[in-house]
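Dumped my_file.txt below, it's compact mmCIF, C-alpha atoms:
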```
# COMPACT_ATOMS: atom_id res chain seq x y z
CA LYS A 1 20.84 31.65 1.15
CA GLN A 2 23.07 29.17 -0.65
CA GLU A 3 24.23 30.15 -4.13
CA VAL A 4 25.94 27.72 -6.48
CA THR A 5 28.00 28.93 -9.42
CA GLN A 6 29.58 26.90 -12.20
CA ILE A 7 32.39 28.11 -14.40
CA PRO A 8 32.75 28.00 -17.34
CA ALA A 9 29.20 28.03 -18.69
CA ALA A 10 30.39 26.27 -21.83
CA LEU A 11 33.54 24.45 -22.84
CA SER A 12 34.68 22.96 -26.13
CA VAL A 13 37.74 20.70 -26.24
CA PRO A 14 39.32 18.25 -28.67
CA GLU A 15 39.02 14.56 -27.92
CA GLY A 16 41.65 13.18 -25.58
CA GLU A 17 42.13 16.31 -23.54
CA ASN A 18 41.97 16.33 -19.76
CA LEU A 19 39.64 18.99 -18.39
CA VAL A 20 38.37 20.53 -15.16
CA LEU A 21 34.92 21.84 -14.40
CA ASN A 22 34.43 24.16 -11.44
CA CYS A 23 31.67 24.58 -8.90
CA SER A 24 31.59 27.11 -6.07
CA PHE A 25 29.09 27.60 -3.27
CA THR A 26 28.61 30.38 -0.73
CA ASP A 27 27.58 28.47 2.41
CA SER A 28 30.13 25.88 3.52
CA ALA A 29 27.68 24.13 5.88
CA ILE A 30 26.80 21.51 3.31
CA TYR A 31 25.68 17.94 3.82
CA ASN A 32 27.05 16.67 0.54
CA LEU A 33 27.85 17.74 -3.01
CA GLN A 34 26.76 15.83 -6.07
CA TRP A 35 27.85 16.02 -9.71
CA PHE A 36 25.32 15.18 -12.40
CA ARG A 37 25.33 14.79 -16.14
CA GLN A 38 22.35 15.91 -18.24
CA ASP A 39 21.94 14.88 -21.85
CA PRO A 40 19.59 16.87 -24.12
CA GLY A 41 15.96 16.00 -23.47
CA LYS A 42 16.90 13.72 -20.61
CA GLY A 43 16.95 13.77 -16.85
CA LEU A 44 20.00 14.00 -14.67
CA THR A 45 22.36 11.10 -14.13
CA SER A 46 24.29 11.06 -10.88
CA LEU A 47 28.04 10.80 -11.46
CA LEU A 48 29.65 11.28 -8.07
CA LEU A 49 28.51 12.20 -4.57
CA ILE A 50 30.97 13.58 -2.04
CA GLN A 51 29.94 13.64 1.59
CA SER A 52 30.89 16.67 3.64
CA SER A 53 33.54 14.66 5.50
CA GLN A 54 35.22 13.51 2.28
CA ARG A 55 37.78 15.25 0.09
CA GLU A 56 37.28 13.41 -3.18
CA GLN A 57 35.53 10.64 -5.04
CA THR A 58 36.59 8.76 -8.16
CA SER A 59 34.70 6.80 -10.76
CA GLY A 60 36.52 5.64 -13.86
CA ARG A 61 37.85 8.68 -15.71
CA LEU A 62 36.06 11.06 -13.35
CA ASN A 63 37.46 12.53 -10.17
CA ALA A 64 35.61 15.04 -8.02
CA SER A 65 37.20 16.99 -5.21
CA LEU A 66 35.64 19.01 -2.42
CA ASP A 67 37.12 21.86 -0.38
CA LYS A 68 34.37 22.92 2.00
CA SER A 69 36.34 25.69 3.65
CA SER A 70 36.85 27.53 0.38
CA GLY A 71 33.42 26.56 -0.97
CA ARG A 72 34.74 24.81 -4.06
CA SER A 73 34.48 21.56 -5.93
CA THR A 74 36.08 20.44 -9.16
CA LEU A 75 35.19 17.66 -11.56
CA TYR A 76 38.19 16.34 -13.42
CA ILE A 77 37.58 14.36 -16.62
CA ALA A 78 40.55 12.46 -17.97
CA ALA A 79 41.07 11.61 -21.63
CA SER A 80 37.79 13.18 -22.75
CA GLN A 81 35.67 11.44 -25.40
CA PRO A 82 32.89 12.69 -27.69
CA GLY A 83 30.45 10.66 -25.57
CA ASP A 84 31.28 12.92 -22.63
CA SER A 85 29.49 15.78 -24.40
CA ALA A 86 26.65 16.86 -22.11
CA THR A 87 25.78 19.47 -19.52
CA TYR A 88 27.37 18.88 -16.12
CA LEU A 89 25.65 20.19 -13.01
CA CYS A 90 26.73 20.32 -9.42
CA ALA A 91 24.29 20.38 -6.51
CA VAL A 92 24.87 21.00 -2.83
CA ALA A 93 22.68 19.77 -0.01
CA ASN A 94 22.23 21.92 3.09
CA PHE A 95 20.54 19.30 5.24
CA ASN A 96 17.08 19.20 3.67
CA LYS A 97 17.49 21.74 0.89
CA PHE A 98 19.16 21.23 -2.46
CA TYR A 99 20.74 23.93 -4.61
CA PHE A 100 21.88 23.45 -8.20
CA GLY A 101 24.32 25.36 -10.34
CA SER A 102 23.31 26.34 -13.87
CA GLY A 103 25.73 23.84 -15.38
CA THR A 104 28.68 23.67 -17.73
CA LYS A 105 27.87 22.60 -21.27
CA LEU A 106 30.73 20.44 -22.51
CA ASN A 107 31.41 19.65 -26.15
CA VAL A 108 34.16 17.17 -26.94
CA LYS A 109 35.12 17.32 -30.61
CA PRO A 110 36.24 14.17 -32.43
CA ASP B 111 13.46 -1.15 -16.19
CA THR B 112 13.01 2.56 -15.71
CA ALA B 113 13.88 3.52 -12.14
CA VAL B 114 12.02 6.85 -12.04
CA SER B 115 9.33 7.28 -14.66
CA GLN B 116 7.24 10.35 -15.39
CA THR B 117 4.20 10.72 -17.58
CA PRO B 118 3.54 12.42 -19.84
CA LYS B 119 6.86 13.29 -21.45
CA TYR B 120 5.33 16.26 -23.25
CA LEU B 121 2.32 18.31 -22.23
CA VAL B 122 0.94 21.15 -24.35
CA THR B 123 -2.12 22.91 -23.03
CA GLN B 124 -3.98 26.20 -22.87
CA MET B 125 -3.63 28.84 -20.20
CA GLY B 126 -6.16 28.39 -17.42
CA ASN B 127 -6.38 24.61 -17.70
CA ASP B 128 -5.69 22.14 -14.90
CA LYS B 129 -3.18 19.33 -15.52
CA SER B 130 -1.40 16.56 -13.66
CA ILE B 131 2.01 14.95 -14.04
CA LYS B 132 2.58 11.49 -12.62
CA CYS B 133 5.78 10.06 -11.17
CA GLU B 134 6.60 6.56 -10.03
CA GLN B 135 9.82 5.04 -8.73
CA ASN B 136 10.60 1.34 -8.44
CA LEU B 137 13.77 1.72 -6.38
CA GLY B 138 12.17 1.26 -3.00
CA HIS B 139 13.21 4.78 -2.00
CA ASP B 140 11.50 6.66 0.81
CA THR B 141 11.97 10.18 -0.54
CA MET B 142 10.68 11.79 -3.73
CA TYR B 143 11.10 15.27 -5.16
CA TRP B 144 9.73 17.62 -7.77
CA TYR B 145 12.04 20.08 -9.51
CA LYS B 146 11.39 22.81 -12.07
CA GLN B 147 13.99 23.59 -14.75
CA ASP B 148 13.45 26.92 -16.45
CA SER B 149 14.59 28.10 -19.88
CA LYS B 150 17.97 29.11 -18.47
CA LYS B 151 18.46 25.55 -17.22
CA PHE B 152 18.29 26.46 -13.54
CA LEU B 153 16.95 23.55 -11.52
CA LYS B 154 14.95 24.54 -8.49
CA ILE B 155 13.40 22.24 -5.94
CA MET B 156 9.67 22.58 -5.48
CA PHE B 157 8.61 19.80 -3.13
CA SER B 158 10.04 16.86 -1.24
CA TYR B 159 8.12 14.01 0.35
CA ASN B 160 9.57 11.46 2.76
CA ASN B 161 7.41 8.40 3.28
CA LYS B 162 4.34 10.25 2.01
CA GLU B 163 4.95 13.23 4.30
CA LEU B 164 5.75 16.69 2.99
CA ILE B 165 9.30 17.70 3.97
CA ILE B 166 10.12 20.59 1.67
CA ASN B 167 7.68 23.09 0.24
CA GLU B 168 9.59 25.87 -1.41
CA THR B 169 8.05 29.16 -2.44
CA VAL B 170 5.71 27.69 -5.00
CA PRO B 171 2.26 29.10 -5.87
CA ASN B 172 -0.53 27.16 -4.20
CA ARG B 173 -1.81 26.34 -7.68
CA PHE B 174 0.78 23.53 -7.48
CA SER B 175 -0.34 20.67 -5.28
CA PRO B 176 1.70 17.48 -4.86
CA LYS B 177 0.01 14.25 -3.89
CA SER B 178 1.70 11.11 -2.64
CA PRO B 179 -0.69 8.14 -2.49
CA ASP B 180 2.17 5.89 -1.42
CA LYS B 181 5.92 6.24 -1.13
CA ALA B 182 6.47 4.98 -4.69
CA HIS B 183 4.35 7.72 -6.26
CA LEU B 184 4.45 11.50 -6.19
CA ASN B 185 2.09 13.27 -8.56
CA LEU B 186 2.00 16.97 -9.30
CA HIS B 187 -1.29 18.72 -9.99
CA ILE B 188 -1.31 22.24 -11.37
CA ASN B 189 -4.42 24.41 -11.38
CA SER B 190 -5.12 27.44 -13.58
CA LEU B 191 -1.97 27.09 -15.67
CA GLU B 192 -0.10 30.30 -16.52
CA LEU B 193 2.42 31.13 -19.24
CA GLY B 194 5.20 31.25 -16.65
CA ASP B 195 4.58 27.62 -15.77
CA SER B 196 6.19 26.57 -19.06
CA ALA B 197 9.28 24.59 -18.08
CA VAL B 198 10.61 21.09 -17.72
CA TYR B 199 9.49 19.38 -14.52
CA PHE B 200 11.66 16.62 -13.09
CA CYS B 201 10.76 14.01 -10.55
CA ALA B 202 13.53 12.42 -8.48
CA SER B 203 13.94 9.98 -5.63
CA SER B 204 16.56 9.07 -3.05
CA GLN B 205 17.00 6.39 -0.40
CA ASP B 206 15.78 8.75 2.28
CA HIS B 207 15.97 12.38 3.14
CA TYR B 208 18.79 12.21 5.63
CA SER B 209 21.27 9.80 4.12
CA ASN B 210 24.10 10.60 1.76
CA GLN B 211 22.67 8.66 -1.13
CA PRO B 212 22.42 10.11 -4.64
CA GLN B 213 19.21 11.28 -6.18
CA HIS B 214 17.82 9.48 -9.22
CA PHE B 215 15.96 11.55 -11.78
CA GLY B 216 13.23 10.86 -14.27
CA ASP B 217 13.52 12.08 -17.88
CA GLY B 218 11.35 15.11 -17.27
CA THR B 219 7.99 16.43 -18.46
CA ARG B 220 8.17 19.35 -20.87
CA LEU B 221 5.17 21.57 -20.17
CA SER B 222 4.25 24.19 -22.76
CA ILE B 223 1.47 26.67 -22.11
CA LEU B 224 -0.16 28.25 -25.15
```
Take the structure in the file and give it back as structure tokens.
Amino acid sequence: KQEVTQIPAALSVPEGENLVLNCSFTDSAIYNLQWFRQDPGKGLTSLLLIQSSQREQTSGRLNASLDKSSGRSTLYIAASQPGDSATYLCAVANFNKFYFGSGTKLNVKP
Amino acid sequence: DTAVSQTPKYLVTQMGNDKSIKCEQNLGHDTMYWYKQDSKKFLKIMFSYNNKELIINETVPNRFSPKSPDKAHLNLHINSLELGDSAVYFCASSQDHYSNQPQHFGDGTRLSIL
């Protein structure tokens, strides 16, 4: 069964810092990997989706990479801002099943 | 314009009651999902419907019954509520079940069982 792990569980950084969030998964036969952002009391907002045939995706200050063979993905956030404070979750799709990590809670201090 | 909307946002009820949560999406998507997020923030898929047909039915007690009257709606009915059912329930949708399109989530329904 697929297991998704996110490290660290929580991260606090000063504004302006570049940072990396990690996601690992045990079964490399994935369909795609998606990064989400969850604000308190809200649903999930999709940030980036990487198909299994892709190595990375970029959107603004966000860059997500995927290494299927090693079962890893990273989300890079450049020049972090207080508005980036949220919980970030990764999810992998094994054809018709979806597995989520428990998230990394990010706090960007002004 | 809310893409995926759930009602109610909060639901507080007694153990043993029956309750329903409604979900509607206006994105024209074919696939809808129900997820449960527990107190430790783990999100776990419960059900998935593609064009009103059940695709995924994870190990969920049969007290939980999804109903999809049309592909824009996926409601969740829960019978004989138990304390362990307290969680946040999220509805989501995607273009279809087999494409590489992102899922869109509603804001969740916080269910509290007294």
What gap, in Å, lies between CA of Leu193 (chain B) and CA of Ile223 (chain B)?
5.4 Å
Once you count all atoms listed in the file, what closest atom pair and distance in Å to one decimal does each residue of chain B within 12 Å of chain A have, with rows by chain and rising residue number, as CSV?
```
residue,atom,partner,partner_atom,distance
B:Thr112,CA,A:Gly43,CA,11.9
B:Ala113,CA,A:Thr45,CA,11.5
B:Val114,CA,A:Gly43,CA,9.8
B:Ser115,CA,A:Gly43,CA,10.2
B:Gln116,CA,A:Gly43,CA,10.4
B:Lys119,CA,A:Gly41,CA,9.7
B:Tyr120,CA,A:Gly41,CA,10.6
B:Thr141,CA,A:Asn96,CA,11.2
B:Tyr143,CA,A:Phe98,CA,10.4
B:Trp144,CA,A:Phe98,CA,11.4
B:Tyr145,CA,A:Phe98,CA,10.1
B:Lys146,CA,A:Phe100,CA,11.2
B:Gln147,CA,A:Ser102,CA,9.8
B:Asp148,CA,A:Ser102,CA,10.2
B:Ser149,CA,A:Ser102,CA,10.7
B:Lys150,CA,A:Ser102,CA,7.6
B:Lys151,CA,A:Ser102,CA,5.9
B:Phe152,CA,A:Ser102,CA,5.0
B:Leu153,CA,A:Phe100,CA,5.9
B:Lys154,CA,A:Tyr99,CA,7.0
B:Ile155,CA,A:Phe98,CA,6.8
B:Met156,CA,A:Phe98,CA,10.1
B:Phe157,CA,A:Lys97,CA,9.9
B:Ser158,CA,A:Asn96,CA,8.9
B:Tyr159,CA,A:Asn96,CA,10.9
B:Asn160,CA,A:Asn96,CA,10.8
B:Leu164,CA,A:Asn96,CA,11.6
B:Ile165,CA,A:Asn96,CA,7.9
B:Ile166,CA,A:Asn96,CA,7.4
B:Asn167,CA,A:Lys97,CA,9.9
B:Glu168,CA,A:Lys97,CA,9.2
B:Val198,CA,A:Gly41,CA,9.4
B:Tyr199,CA,A:Gly43,CA,9.6
B:Phe200,CA,A:Gly43,CA,7.1
B:Cys201,CA,A:Gly43,CA,8.8
B:Ala202,CA,A:Leu44,CA,9.1
B:Ser203,CA,A:Leu44,CA,11.6
B:Ser204,CA,A:Ser46,CA,11.2
B:Asp206,CA,A:Asn96,CA,10.6
B:His207,CA,A:Asn96,CA,6.9
B:Tyr208,CA,A:Phe95,CA,7.3
B:Ser209,CA,A:Tyr31,CA,9.3
B:Asn210,CA,A:Gln51,CA,6.6
B:Gln211,CA,A:Leu49,CA,7.6
B:Pro212,CA,A:Leu49,CA,6.4
B:Gln213,CA,A:Ser46,CA,6.9
B:His214,CA,A:Ser46,CA,6.9
B:Phe215,CA,A:Leu44,CA,5.5
B:Gly216,CA,A:Gly43,CA,5.4
B:Asp217,CA,A:Gly43,CA,4.0
B:Gly218,CA,A:Gly43,CA,5.8
B:Thr219,CA,A:Gly41,CA,9.4
B:Arg220,CA,A:Gly41,CA,8.9
```
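Distance annotation: of B:Ser222, B:Asn189, B:Gln205, B:Gln135, the residue with the minimal separation from Ser175 (chain B) is B:Asn189; atom set is only C-alpha atoms.
With all atoms listed in the file as the atoms that count, the minimum distance from Ser69 (chain A) to the choices A:Val92, A:Gln81, A:Lys105, A:Phe25 is reached by A:Phe25.
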As JSON, numbers by chain, please: the residues near Arg173 (chain B) (cut-off 8 Å, all atoms listed in the file, same-chain neighbours under 6 positions excluded).
{"B": [187, 188, 189, 190]}
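As for CA of Cys23 (chain A) and CA of Thr74 (chain A), they are spaced 6.1 Å apart.
Across the structure, CA of Lys109 (chain A) and CA of Leu66 (chain A) are spaced 28.2 Å apart.
You can rank A:Ser70, A:Gly16, A:Gly83, A:Arg55 by their closest distance to Ala29 (chain A) using all atoms listed in the file, and at the top of that list sits A:Ser70.
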